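Source file run-v3.txt; content: compact mmCIF, C-alpha atoms and all ligand atoms.
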```
# COMPACT_ATOMS: atom_id res chain seq x y z
CA VAL G 1 0.00 0.00 0.00
CA ARG G 2 0.95 3.65 -0.33
CA VAL G 3 0.18 6.23 2.30
CA ALA G 4 -0.14 9.97 1.74
CA VAL G 5 -1.02 13.02 3.80
CA ASP G 6 -2.90 16.12 2.71
CA ARG G 7 -1.14 18.77 4.72
CA SER G 8 -3.84 21.31 3.93
CA LEU G 9 -6.17 19.21 6.12
CA CYS G 10 -3.70 18.05 8.79
CA GLU G 11 -3.92 19.84 12.16
CA SER G 12 -0.68 18.32 13.51
CA ASN G 13 -2.25 16.68 16.56
CA ALA G 14 0.09 13.67 16.21
CA LEU G 15 -2.59 11.01 16.63
CA CYS G 16 -1.21 9.19 13.62
CA VAL G 17 2.32 9.48 15.02
CA GLY G 18 1.14 7.74 18.17
CA ALA G 19 -0.51 4.96 16.19
CA ALA G 20 2.33 4.36 13.72
CA PRO G 21 5.54 6.08 14.83
CA ALA G 22 7.61 4.19 12.28
CA VAL G 23 5.58 5.71 9.46
CA PHE G 24 4.61 9.20 10.63
CA ASP G 25 6.45 11.98 12.41
CA LEU G 26 6.20 15.71 12.94
CA ASP G 27 9.07 17.89 11.81
CA ASP G 28 10.53 20.85 13.68
CA ASP G 29 7.76 23.06 12.30
CA ASP G 30 5.06 20.62 13.42
CA LEU G 31 4.33 19.56 9.87
CA LEU G 32 3.51 15.94 9.37
CA ILE G 33 6.06 13.94 7.44
CA VAL G 34 5.58 10.45 6.09
CA LEU G 35 8.72 8.54 6.97
CA ASP G 36 7.74 5.48 4.99
CA ALA G 37 5.27 6.06 2.14
CA GLN G 38 5.19 2.36 1.29
CA PRO G 39 5.03 0.67 4.69
CA SER G 40 5.90 -2.97 4.98
CA PRO G 41 3.12 -5.48 5.69
CA ASP G 42 3.94 -5.58 9.42
CA GLN G 43 3.16 -1.84 9.63
CA GLN G 44 -0.08 -1.88 7.73
CA ASP G 45 -2.43 -2.53 10.64
CA ARG G 46 -0.88 0.42 12.44
CA VAL G 47 -1.23 2.59 9.36
CA ARG G 48 -4.90 1.67 9.05
CA ASP G 49 -5.39 2.54 12.72
CA ALA G 50 -3.71 5.89 12.09
CA VAL G 51 -5.96 6.62 9.13
CA GLY G 52 -9.00 5.77 11.23
CA LEU G 53 -7.84 7.95 14.12
CA CYS G 54 -7.18 11.05 12.04
CA PRO G 55 -10.01 13.48 12.82
CA LYS G 56 -9.33 15.52 9.69
CA GLN G 57 -9.38 12.69 7.12
CA ALA G 58 -5.97 13.97 6.08
CA LEU G 59 -4.48 10.51 5.50
CA SER G 60 -5.16 8.26 2.57
CA ILE G 61 -3.99 4.82 1.65
CA THR G 62 -4.06 3.33 -1.79
CA PRO G 63 -3.55 -0.36 -2.58
S1 LIG R 1 -3.83 12.29 12.79
FE1 LIG R 1 -4.38 13.49 10.97
S2 LIG R 1 -4.53 15.59 11.66
FE2 LIG R 1 -3.39 14.43 13.22
S3 LIG R 1 -1.23 14.69 12.68
FE3 LIG R 1 -1.94 12.81 11.71
S4 LIG R 1 -2.60 13.44 9.63
FE4 LIG R 1 -2.46 15.27 10.89
```
Can I see the file as structure tokens?
Ligand code: SF4
Amino acid sequence: VRVAVDRSLCESNALCVGAAPAVFDLDDDDLLIVLDAQPSPDQQDRVRDAVGLCPKQALSITP
């Protein structure tokens, strides 16, 4: 899968970072960065949790 963030929607509350810290992080300006845009299968449950937790629907995953 591929994961992407729409930074125009993201409010930098770090919920996704908490769910999948190997995939998401906030930079020094509190902007979300995707550390791993094509997460390995062992990360994909966490990524789906992160997408579900995001209150802004800023995250998307594509097969
Ligand atoms: S959970 Fe959503 S709004 Fe919060 S930091 Fe992640 S992408 Fe941004």
Kindly provide the residues of chain G that approach ligand LIG 1 (chain R) to within 6 Å, each paired with its closest atom pair and their distance in Å to one decimal, based on only C-alpha atoms and all ligand atoms, listed by chain and increasing number, as a Markdown table.
```
| residue | atom | partner | partner_atom | distance |
| --- | --- | --- | --- | --- |
| G:Cys10 | CA | R:LIG1 | FE4 | 3.7 |
| G:Glu11 | CA | R:LIG1 | S2 | 4.3 |
| G:Ser12 | CA | R:LIG1 | S3 | 3.8 |
| G:Asn13 | CA | R:LIG1 | FE2 | 4.2 |
| G:Ala14 | CA | R:LIG1 | S3 | 3.9 |
| G:Leu15 | CA | R:LIG1 | S1 | 4.2 |
| G:Cys16 | CA | R:LIG1 | S1 | 4.1 |
| G:Leu32 | CA | R:LIG1 | S3 | 5.9 |
| G:Cys54 | CA | R:LIG1 | S1 | 3.7 |
| G:Pro55 | CA | R:LIG1 | FE1 | 5.9 |
| G:Lys56 | CA | R:LIG1 | S2 | 5.2 |
| G:Ala58 | CA | R:LIG1 | S4 | 4.9 |
| G:Leu59 | CA | R:LIG1 | S4 | 5.4 |
```
For a quick check of your reading of the model, name the residues lying within 9 Å of the coordinate (-0.6, 5.0, 17.3), counting all atoms listed in the file, and write them as a compact mmCIF listing (two decimals) with C-alpha atoms, keeping the file's coordinate frame.
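Done, and the output landed in result09.txt:
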```txt
# COMPACT_ATOMS: atom_id res chain seq x y z
CA ALA G 14 0.09 13.67 16.21
CA LEU G 15 -2.59 11.01 16.63
CA CYS G 16 -1.21 9.19 13.62
CA VAL G 17 2.32 9.48 15.02
CA GLY G 18 1.14 7.74 18.17
CA ALA G 19 -0.51 4.96 16.19
CA ALA G 20 2.33 4.36 13.72
CA PRO G 21 5.54 6.08 14.83
CA ARG G 46 -0.88 0.42 12.44
CA VAL G 47 -1.23 2.59 9.36
CA ASP G 49 -5.39 2.54 12.72
CA ALA G 50 -3.71 5.89 12.09
CA LEU G 53 -7.84 7.95 14.12
```
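Comparing the minimum interatomic distances between Phe24 of chain G and each of G:Ile61, G:Ala37, G:Leu9, G:Gly52, counting all atoms listed in the file, we find that G:Ala37 sits nearest.
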Excluding Gln38 of chain G and its own-chain neighbours fewer than 3 positions away, which residues fall within 8 Å of it when counting only C-alpha atoms? Please give them as a compact mmCIF listing (two decimals) with C-alpha atoms, in the frame of the given file.
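Contents of the output file out.txt:
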```
# COMPACT_ATOMS: atom_id res chain seq x y z
CA VAL G 1 0.00 0.00 0.00
CA ARG G 2 0.95 3.65 -0.33
CA VAL G 3 0.18 6.23 2.30
```
Hey, could you pull the box centre and edge lengths for segment 34-50 of chain G, axis-aligned, 5 Å padding per side, all listed atoms, to one decimal in Å, as AutoDock Vina command-line options?
```
--center_x 1.7 --center_y 2.4 --center_z 7.0 --size_x 24.1 --size_y 26.0 --size_z 21.4
```
Can you measure atom CA of Asp27 of chain G to atom CA of Asp6 of chain G for me? One decimal in Å is fine.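 Value for the atom CA of Asp27 of chain G-atom CA of Asp6 of chain G distance: 15.1 Å.
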Computed interatomic separation between atom CA of Asp42 of chain G and atom CA of Thr62 of chain G (Å): 16.4 Å
What is the atom CA of Ala22 of chain G to atom CA of Pro63 of chain G distance in Å?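 Atom CA of Ala22 of chain G sits 19.1 Å away from atom CA of Pro63 of chain G.
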Please, could all heavy atoms be added to segment 51-62 of chain G and the result written as a PDB file, in the frame of the given file?
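And here's rebuild_16.pdb as it stands now:
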```
ATOM      1  N   VAL G  51      -5.009   6.014  10.052  1.00  0.00           N
ATOM      2  CA  VAL G  51      -5.960   6.620   9.130  1.00  0.00           C
ATOM      3  C   VAL G  51      -7.325   6.756   9.800  1.00  0.00           C
ATOM      4  O   VAL G  51      -8.002   7.785   9.693  1.00  0.00           O
ATOM      5  CB  VAL G  51      -6.067   5.786   7.829  1.00  0.00           C
ATOM      6  CG1 VAL G  51      -7.195   6.299   6.934  1.00  0.00           C
ATOM      7  CG2 VAL G  51      -4.739   5.814   7.076  1.00  0.00           C
ATOM      8  N   GLY G  52      -7.710   5.726  10.546  1.00  0.00           N
ATOM      9  CA  GLY G  52      -9.000   5.770  11.230  1.00  0.00           C
ATOM     10  C   GLY G  52      -9.037   6.785  12.357  1.00  0.00           C
ATOM     11  O   GLY G  52     -10.097   7.333  12.674  1.00  0.00           O
ATOM     12  N   LEU G  53      -7.897   7.024  12.993  1.00  0.00           N
ATOM     13  CA  LEU G  53      -7.840   7.950  14.120  1.00  0.00           C
ATOM     14  C   LEU G  53      -7.812   9.408  13.673  1.00  0.00           C
ATOM     15  O   LEU G  53      -8.198  10.292  14.442  1.00  0.00           O
ATOM     16  CB  LEU G  53      -6.579   7.692  14.948  1.00  0.00           C
ATOM     17  CG  LEU G  53      -6.616   6.505  15.897  1.00  0.00           C
ATOM     18  CD1 LEU G  53      -5.217   6.231  16.440  1.00  0.00           C
ATOM     19  CD2 LEU G  53      -7.564   6.774  17.049  1.00  0.00           C
ATOM     20  N   CYS G  54      -7.353   9.660  12.477  1.00  0.00           N
ATOM     21  CA  CYS G  54      -7.180  11.050  12.040  1.00  0.00           C
ATOM     22  C   CYS G  54      -8.540  11.754  11.988  1.00  0.00           C
ATOM     23  O   CYS G  54      -9.416  11.364  11.218  1.00  0.00           O
ATOM     24  CB  CYS G  54      -6.523  11.106  10.662  1.00  0.00           C
ATOM     25  SG  CYS G  54      -6.356  12.804  10.068  1.00  0.00           S
ATOM     26  N   PRO G  55      -8.716  12.795  12.777  1.00  0.00           N
ATOM     27  CA  PRO G  55     -10.010  13.480  12.820  1.00  0.00           C
ATOM     28  C   PRO G  55     -10.247  14.391  11.617  1.00  0.00           C
ATOM     29  O   PRO G  55     -11.350  14.887  11.430  1.00  0.00           O
ATOM     30  CB  PRO G  55      -9.943  14.294  14.111  1.00  0.00           C
ATOM     31  CG  PRO G  55      -8.494  14.565  14.306  1.00  0.00           C
ATOM     32  CD  PRO G  55      -7.756  13.377  13.732  1.00  0.00           C
ATOM     33  N   LYS G  56      -9.225  14.589  10.812  1.00  0.00           N
ATOM     34  CA  LYS G  56      -9.330  15.520   9.690  1.00  0.00           C
ATOM     35  C   LYS G  56      -9.409  14.800   8.341  1.00  0.00           C
ATOM     36  O   LYS G  56      -9.417  15.438   7.297  1.00  0.00           O
ATOM     37  CB  LYS G  56      -8.125  16.472   9.675  1.00  0.00           C
ATOM     38  CG  LYS G  56      -7.902  17.215  10.977  1.00  0.00           C
ATOM     39  CD  LYS G  56      -9.076  18.119  11.322  1.00  0.00           C
ATOM     40  CE  LYS G  56      -9.086  19.347  10.418  1.00  0.00           C
ATOM     41  NZ  LYS G  56     -10.153  20.282  10.845  1.00  0.00           N
ATOM     42  N   GLN G  57      -9.423  13.472   8.368  1.00  0.00           N
ATOM     43  CA  GLN G  57      -9.380  12.690   7.120  1.00  0.00           C
ATOM     44  C   GLN G  57      -8.243  13.186   6.218  1.00  0.00           C
ATOM     45  O   GLN G  57      -8.401  13.313   4.996  1.00  0.00           O
ATOM     46  CB  GLN G  57     -10.725  12.762   6.367  1.00  0.00           C
ATOM     47  CG  GLN G  57     -11.794  11.876   6.964  1.00  0.00           C
ATOM     48  CD  GLN G  57     -12.483  12.509   8.164  1.00  0.00           C
ATOM     49  OE1 GLN G  57     -12.913  13.655   8.098  1.00  0.00           O
ATOM     50  NE2 GLN G  57     -12.585  11.788   9.273  1.00  0.00           N
ATOM     51  N   ALA G  58      -7.109  13.456   6.833  1.00  0.00           N
ATOM     52  CA  ALA G  58      -5.970  13.970   6.080  1.00  0.00           C
ATOM     53  C   ALA G  58      -5.106  12.857   5.498  1.00  0.00           C
ATOM     54  O   ALA G  58      -4.248  13.135   4.671  1.00  0.00           O
ATOM     55  CB  ALA G  58      -5.114  14.862   6.977  1.00  0.00           C
ATOM     56  N   LEU G  59      -5.319  11.635   5.945  1.00  0.00           N
ATOM     57  CA  LEU G  59      -4.480  10.510   5.500  1.00  0.00           C
ATOM     58  C   LEU G  59      -5.244   9.659   4.503  1.00  0.00           C
ATOM     59  O   LEU G  59      -6.448   9.443   4.648  1.00  0.00           O
ATOM     60  CB  LEU G  59      -4.074   9.650   6.693  1.00  0.00           C
ATOM     61  CG  LEU G  59      -3.265  10.349   7.775  1.00  0.00           C
ATOM     62  CD1 LEU G  59      -3.057   9.419   8.953  1.00  0.00           C
ATOM     63  CD2 LEU G  59      -1.927  10.811   7.210  1.00  0.00           C
ATOM     64  N   SER G  60      -4.536   9.174   3.527  1.00  0.00           N
ATOM     65  CA  SER G  60      -5.160   8.260   2.570  1.00  0.00           C
ATOM     66  C   SER G  60      -4.199   7.113   2.295  1.00  0.00           C
ATOM     67  O   SER G  60      -2.980   7.277   2.347  1.00  0.00           O
ATOM     68  CB  SER G  60      -5.512   8.987   1.276  1.00  0.00           C
ATOM     69  OG  SER G  60      -4.349   9.564   0.716  1.00  0.00           O
ATOM     70  N   ILE G  61      -4.794   5.960   2.066  1.00  0.00           N
ATOM     71  CA  ILE G  61      -3.990   4.820   1.650  1.00  0.00           C
ATOM     72  C   ILE G  61      -4.561   4.292   0.341  1.00  0.00           C
ATOM     73  O   ILE G  61      -5.759   4.291   0.123  1.00  0.00           O
ATOM     74  CB  ILE G  61      -3.938   3.695   2.710  1.00  0.00           C
ATOM     75  CG1 ILE G  61      -5.315   3.361   3.260  1.00  0.00           C
ATOM     76  CG2 ILE G  61      -2.994   4.046   3.831  1.00  0.00           C
ATOM     77  CD1 ILE G  61      -5.300   2.208   4.258  1.00  0.00           C
ATOM     78  N   THR G  62      -3.648   3.910  -0.531  1.00  0.00           N
ATOM     79  CA  THR G  62      -4.060   3.330  -1.790  1.00  0.00           C
ATOM     80  C   THR G  62      -3.390   1.966  -1.909  1.00  0.00           C
ATOM     81  O   THR G  62      -2.270   1.780  -1.431  1.00  0.00           O
ATOM     82  CB  THR G  62      -3.632   4.216  -2.982  1.00  0.00           C
ATOM     83  OG1 THR G  62      -2.252   4.562  -2.834  1.00  0.00           O
ATOM     84  CG2 THR G  62      -4.438   5.503  -3.022  1.00  0.00           C
TER      85      THR G  62
END
```
